[in-house]
Structure formats: C-alpha cells, structure tokens
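Working notes, structure below.
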Amino acid sequence: MHLNAPKGIEIHHGNLYVTDINQIQIFALPSGKQKASINIKGSTFLNGITSGNGNFVYVTDSDLTAGKGSYASSGSDAIYKVWPNGKYELIIQDKNMGRPNGIIASGKELTVVSFGSGEVYRIDANNKRHAMPTPPKGGLDGLLKLDDGRLLISSWGASALYVLNNDNTYSILADSLDAPADLGFDTKRQRVLIPLFKLNKLVFLPL
C-alpha cells in the first residue's frame, strides 16, 4: 500500500496510527507491517490524533477540502474514536467547531485547537464544548501538554509557538516559525519537534 497525504501520527499500544485524508492507516511495531486501513465515512481531512485511555485513538477532521489555491468547507468538522480492529465511532460533528486540528485526551476529556477559527476548547465526557482562553492569533495546528499542565500550541497566524500558562495567560516560546504544524516531543532529550510545513524543515526546540 502507499500513503496518500499523511498528517498526524501516533504510537499507541504497539501500533502506529496515521491520519491519511479520509482513512486511518495502522501499522504494527516494530515490523512496520500494515494491520488495517480504515475508511472513515463522511470525513474529508483527518488530521490531529491522540491516544485514548484504552486501546483506541481520537482523530480530528479539519474539514479542509482542497480547491483551486484555497480550501473549501464541506461541514465535516468532527472528532472520531478509532479502534485497531477497524471499528470507529463519531464522537461529535459540528460545522461550528472551527476546523479542529490538534487534540489531546485526558481521561474522558479532550482539548482541541482549531485551525479555522483560532479557538481552544475543552470537550467534556458528555461531548459538551467549553471555551478556553483564545490566543492572540489563529491558524492553530499542533498541541502538546507538558508535565506541569501547560499547553504548547503552534500558530500559523503568529508564526509562533504559544504557551497557555496555568494562570490562563499566553506567552510565546518561539517565533519566526513559518507555518508551524503538528508538534512532537522528545521525552529523552526534553525538546519540542516543530515541523515547518511550507519549508519542509524540522525545528528542535529544547525546553
């Protein structure tokens, strides 16, 4: 098989999950052998991904359908729960989610950043949405949670990496980042990995 346009990746319970347009590709580790290719009906731009509290992952649909020089909306903004056996469940779908991108699970709650509206919000166990402080600029993409509870958020609008501090204020951890995308974290070396989407580069940022 081949990947079409991979976005988010996550390692969970010995599997590598990849979001790939309207599919979730799953590979066994360490062999790399493909275990499943799951078509998510109705999805258009599967993007962010995070491990759940069990043998499943959560995935965002950012509703970014490529057009001529821009992206069109199809109203597919959503979050899915996906299991390695091919089962999946629509958790929430709402065209007003602002094109959800980065996502983090904490127990039964989810934290989401949106690429379209620039919002940050929490989704509780009953799938109710709760607004969180909005950063100065939008185009929000990657999301990480540090051990001390702070959130790191990449912003295309600010060309920066924001920190949402525990007192609900924002500060900038790094700037001059051209189209900073999904974020990774090197736990051994304590550094953030920031891919620059338009430049095909990867920035390593020590904490």
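Chain lettering (A, B, ...) mirrors the order of the structure tokens, residue numbering begins at 1 for each chain separately, and ligand numbering begins at 1 in order of display.
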
Given only C-alpha atoms, how would the per-residue table for region 127-151 of chain A near region 1-9 of chain A read, listing every residue at most 12 Å away with its closest atom pair and distance in Å to one decimal, sorted by chain and number, as CSV?
residue,atom,partner,partner_atom,distance
A:Asp141,CA,A:Gly8,CA,10.6
A:Gly142,CA,A:Gly8,CA,9.5
A:Leu143,CA,A:Gly8,CA,11.3

Give one line per residue of region 80-150 of chain A that approaches region 47-64 of chain A to at most 12 Å, naming the two atoms of the closest pair and their distance in Å to one decimal, counting only C-alpha atoms; sort by chain then ascending residue number and deliver it as a tab-separated table.
residue	atom	partner	partner_atom	distance
A:Tyr80	CA	A:Val59	CA	5.1
A:Lys81	CA	A:Tyr58	CA	4.6
A:Val82	CA	A:Val57	CA	5.3
A:Trp83	CA	A:Phe56	CA	4.5
A:Pro84	CA	A:Phe56	CA	6.8
A:Asn85	CA	A:Phe56	CA	9.5
A:Gly86	CA	A:Phe56	CA	10.3
A:Lys87	CA	A:Phe56	CA	9.5
A:Tyr88	CA	A:Phe56	CA	9.0
A:Glu89	CA	A:Tyr58	CA	9.5
A:Leu90	CA	A:Val59	CA	9.7
A:Ile91	CA	A:Tyr58	CA	8.9
A:Ile92	CA	A:Thr60	CA	9.7
A:Gln93	CA	A:Asp61	CA	9.0
A:Asp94	CA	A:Asp61	CA	10.5
A:Lys95	CA	A:Asp63	CA	8.7
A:Asn96	CA	A:Asp63	CA	10.9
A:Met97	CA	A:Ser62	CA	9.0
A:Gly98	CA	A:Ser62	CA	8.1
A:Arg99	CA	A:Ser62	CA	4.3
A:Pro100	CA	A:Ser62	CA	5.0
A:Asn101	CA	A:Gly48	CA	5.1
A:Gly102	CA	A:Gly48	CA	4.8
A:Ile103	CA	A:Gly48	CA	5.9
A:Ile104	CA	A:Thr50	CA	5.6
A:Ala105	CA	A:Gly52	CA	6.0
A:Ser106	CA	A:Asn53	CA	7.8
A:Gly107	CA	A:Asn53	CA	6.0
A:Lys108	CA	A:Asn53	CA	7.6
A:Glu109	CA	A:Gly52	CA	9.7
A:Leu110	CA	A:Tyr58	CA	8.9
A:Thr111	CA	A:Thr50	CA	10.3
A:Val112	CA	A:Thr60	CA	8.8
A:Val113	CA	A:Gly48	CA	9.6
A:Ser114	CA	A:Ser62	CA	8.0
A:Phe115	CA	A:Ser62	CA	7.6
A:Gly116	CA	A:Ser62	CA	8.5
A:Ser117	CA	A:Ser62	CA	11.2
A:Gly139	CA	A:Ser62	CA	11.6
A:Leu140	CA	A:Ser62	CA	11.1
A:Asp141	CA	A:Gly48	CA	8.3
A:Gly142	CA	A:Gly48	CA	7.9
A:Leu143	CA	A:Gly48	CA	8.9
A:Leu144	CA	A:Thr50	CA	10.0
A:Lys145	CA	A:Thr50	CA	11.3

Note to self: When DSSP is applied to the backbone of this structure, which of region 1-200 of chain A are assigned strand (DSSP E or B)? Write them out as a PyMOL selection string.
What the structure shows: chain A and resi 6-12+15-21+23-28+34-39+46-51+57-61+65-66+71-72+78-82+88-93+100-106+109-114+120-123+129-131+140-145+151-155+160-164+170-174+180+184-186+191-196

File dump, residues just selected, C-alpha atoms, as an mmCIF file, in the first residue's frame:
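Output file result.cif follows:
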data_model
loop_
_atom_site.group_PDB
_atom_site.id
_atom_site.type_symbol
_atom_site.label_atom_id
_atom_site.label_comp_id
_atom_site.auth_asym_id
_atom_site.auth_seq_id
_atom_site.Cartn_x
_atom_site.Cartn_y
_atom_site.Cartn_z
ATOM 1 C CA PRO A 6 -0.353 11.588 5.797
ATOM 2 C CA LYS A 7 -0.832 14.183 8.528
ATOM 3 C CA GLY A 8 -0.965 13.148 12.179
ATOM 4 C CA ILE A 9 0.836 10.123 13.599
ATOM 5 C CA GLU A 10 0.556 8.409 16.975
ATOM 6 C CA ILE A 11 2.094 5.327 18.569
ATOM 7 C CA HIS A 12 -0.314 3.549 20.914
ATOM 8 C CA ASN A 15 0.563 0.250 16.782
ATOM 9 C CA LEU A 16 1.447 3.219 14.600
ATOM 10 C CA TYR A 17 -1.648 5.198 13.539
ATOM 11 C CA VAL A 18 -1.525 7.612 10.589
ATOM 12 C CA THR A 19 -4.277 10.018 9.513
ATOM 13 C CA ASP A 20 -4.480 9.944 5.719
ATOM 14 C CA ILE A 21 -7.168 12.143 4.103
ATOM 15 C CA GLN A 23 -8.533 6.930 6.141
ATOM 16 C CA ILE A 24 -6.680 5.768 9.229
ATOM 17 C CA GLN A 25 -3.698 3.576 8.368
ATOM 18 C CA ILE A 26 -2.476 1.262 11.135
ATOM 19 C CA PHE A 27 0.924 -0.449 11.208
ATOM 20 C CA ALA A 28 2.361 -2.954 13.668
ATOM 21 C CA GLN A 34 0.206 -2.839 7.835
ATOM 22 C CA LYS A 35 -2.599 -4.131 10.027
ATOM 23 C CA ALA A 36 -5.562 -2.098 8.794
ATOM 24 C CA SER A 37 -6.763 0.677 6.520
ATOM 25 C CA ILE A 38 -9.939 2.175 7.932
ATOM 26 C CA ASN A 39 -12.173 4.346 5.761
ATOM 27 C CA LEU A 46 -8.395 13.603 9.007
ATOM 28 C CA ASN A 47 -5.627 15.450 10.774
ATOM 29 C CA GLY A 48 -4.875 15.562 14.502
ATOM 30 C CA ILE A 49 -4.599 12.370 16.558
ATOM 31 C CA THR A 50 -4.082 11.439 20.206
ATOM 32 C CA SER A 51 -4.064 8.293 22.323
ATOM 33 C CA VAL A 57 -7.261 6.864 19.474
ATOM 34 C CA TYR A 58 -9.135 10.116 18.875
ATOM 35 C CA VAL A 59 -8.887 11.801 15.463
ATOM 36 C CA THR A 60 -9.984 15.235 14.235
ATOM 37 C CA ASP A 61 -11.470 16.029 10.835
ATOM 38 C CA THR A 65 -11.120 20.129 1.135
ATOM 39 C CA ALA A 66 -8.515 21.266 -1.367
ATOM 40 C CA TYR A 71 -9.613 25.215 0.916
ATOM 41 C CA ALA A 72 -13.363 24.787 0.719
ATOM 42 C CA ALA A 78 -15.648 16.269 13.622
ATOM 43 C CA ILE A 79 -13.885 14.080 16.159
ATOM 44 C CA TYR A 80 -13.798 10.301 15.810
ATOM 45 C CA LYS A 81 -12.838 7.480 18.135
ATOM 46 C CA VAL A 82 -10.978 4.707 16.287
ATOM 47 C CA TYR A 88 -14.843 3.692 14.702
ATOM 48 C CA GLU A 89 -17.359 5.993 16.319
ATOM 49 C CA LEU A 90 -18.347 9.596 15.586
ATOM 50 C CA ILE A 91 -17.919 11.454 18.869
ATOM 51 C CA ILE A 92 -19.031 14.913 17.783
ATOM 52 C CA GLN A 93 -19.695 16.643 14.459
ATOM 53 C CA PRO A 100 -10.453 21.234 14.651
ATOM 54 C CA ASN A 101 -6.816 20.268 14.346
ATOM 55 C CA GLY A 102 -4.563 19.412 17.309
ATOM 56 C CA ILE A 103 -6.130 17.268 20.023
ATOM 57 C CA ILE A 104 -5.142 15.861 23.427
ATOM 58 C CA ALA A 105 -7.061 13.373 25.564
ATOM 59 C CA SER A 106 -7.006 13.481 29.348
ATOM 60 C CA GLU A 109 -11.994 14.888 28.331
ATOM 61 C CA LEU A 110 -10.489 16.295 25.146
ATOM 62 C CA THR A 111 -8.672 19.552 24.489
ATOM 63 C CA VAL A 112 -8.802 20.820 20.900
ATOM 64 C CA VAL A 113 -7.280 23.699 18.925
ATOM 65 C CA SER A 114 -8.890 24.924 15.712
ATOM 66 C CA VAL A 120 -9.080 26.490 22.015
ATOM 67 C CA TYR A 121 -11.761 24.470 23.763
ATOM 68 C CA ARG A 122 -12.383 21.510 26.020
ATOM 69 C CA ILE A 123 -14.900 18.758 25.303
ATOM 70 C CA ARG A 129 -17.840 22.100 24.461
ATOM 71 C CA HIS A 130 -16.263 24.604 26.886
ATOM 72 C CA ALA A 131 -14.309 27.633 25.690
ATOM 73 C CA LEU A 140 -3.800 26.784 15.334
ATOM 74 C CA ASP A 141 -2.287 23.429 14.422
ATOM 75 C CA GLY A 142 -0.187 21.398 16.885
ATOM 76 C CA LEU A 143 -0.982 20.815 20.538
ATOM 77 C CA LEU A 144 1.128 19.366 23.360
ATOM 78 C CA LYS A 145 0.562 19.145 27.100
ATOM 79 C CA LEU A 151 -0.195 23.659 26.787
ATOM 80 C CA LEU A 152 2.032 24.290 23.769
ATOM 81 C CA ILE A 153 0.159 25.431 20.656
ATOM 82 C CA SER A 154 1.595 26.132 17.208
ATOM 83 C CA SER A 155 0.070 29.052 15.303
ATOM 84 C CA ALA A 160 4.968 31.131 16.633
ATOM 85 C CA LEU A 161 4.704 28.549 19.364
ATOM 86 C CA TYR A 162 2.372 29.727 22.128
ATOM 87 C CA VAL A 163 2.339 28.588 25.736
ATOM 88 C CA LEU A 164 -1.004 28.569 27.553
ATOM 89 C CA TYR A 170 -0.407 33.235 26.856
ATOM 90 C CA SER A 171 3.279 33.704 26.223
ATOM 91 C CA ILE A 172 5.437 32.994 23.165
ATOM 92 C CA LEU A 173 8.016 30.229 23.450
ATOM 93 C CA ALA A 174 9.405 30.654 19.914
ATOM 94 C CA PRO A 180 4.477 25.528 12.315
ATOM 95 C CA GLY A 184 6.161 16.181 18.678
ATOM 96 C CA PHE A 185 8.021 15.826 21.951
ATOM 97 C CA ASP A 186 11.330 14.095 22.616
ATOM 98 C CA ARG A 191 12.769 19.095 23.384
ATOM 99 C CA VAL A 192 9.845 20.024 21.158
ATOM 100 C CA LEU A 193 9.847 18.984 17.497
ATOM 101 C CA ILE A 194 8.241 21.576 15.218
ATOM 102 C CA PRO A 195 7.755 20.780 11.520
ATOM 103 C CA LEU A 196 7.645 23.838 9.251
#

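Here CA of Asn126 (chain A) and CA of Gly14 (chain A) stand 28.9 Å from one another.
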
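One distance worth recording is that between CA of Ala158 (chain A) and CA of Ser73 (chain A), which is 22.9 Å.
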
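Between CA of Ser74 (chain A) and CA of Pro133 (chain A) there is a distance of 27.0 Å.
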
- Task: Fewer than 5 positions away in the same chain doesn't count, so skip those; otherwise give me all residues within 12 Å of Lys198 (chain A), counting only C-alpha atoms, as a list in words.
- Result: Trp156, Ser159, Leu177, Asp178, Ala179, Pro180 and Ala181 of chain A
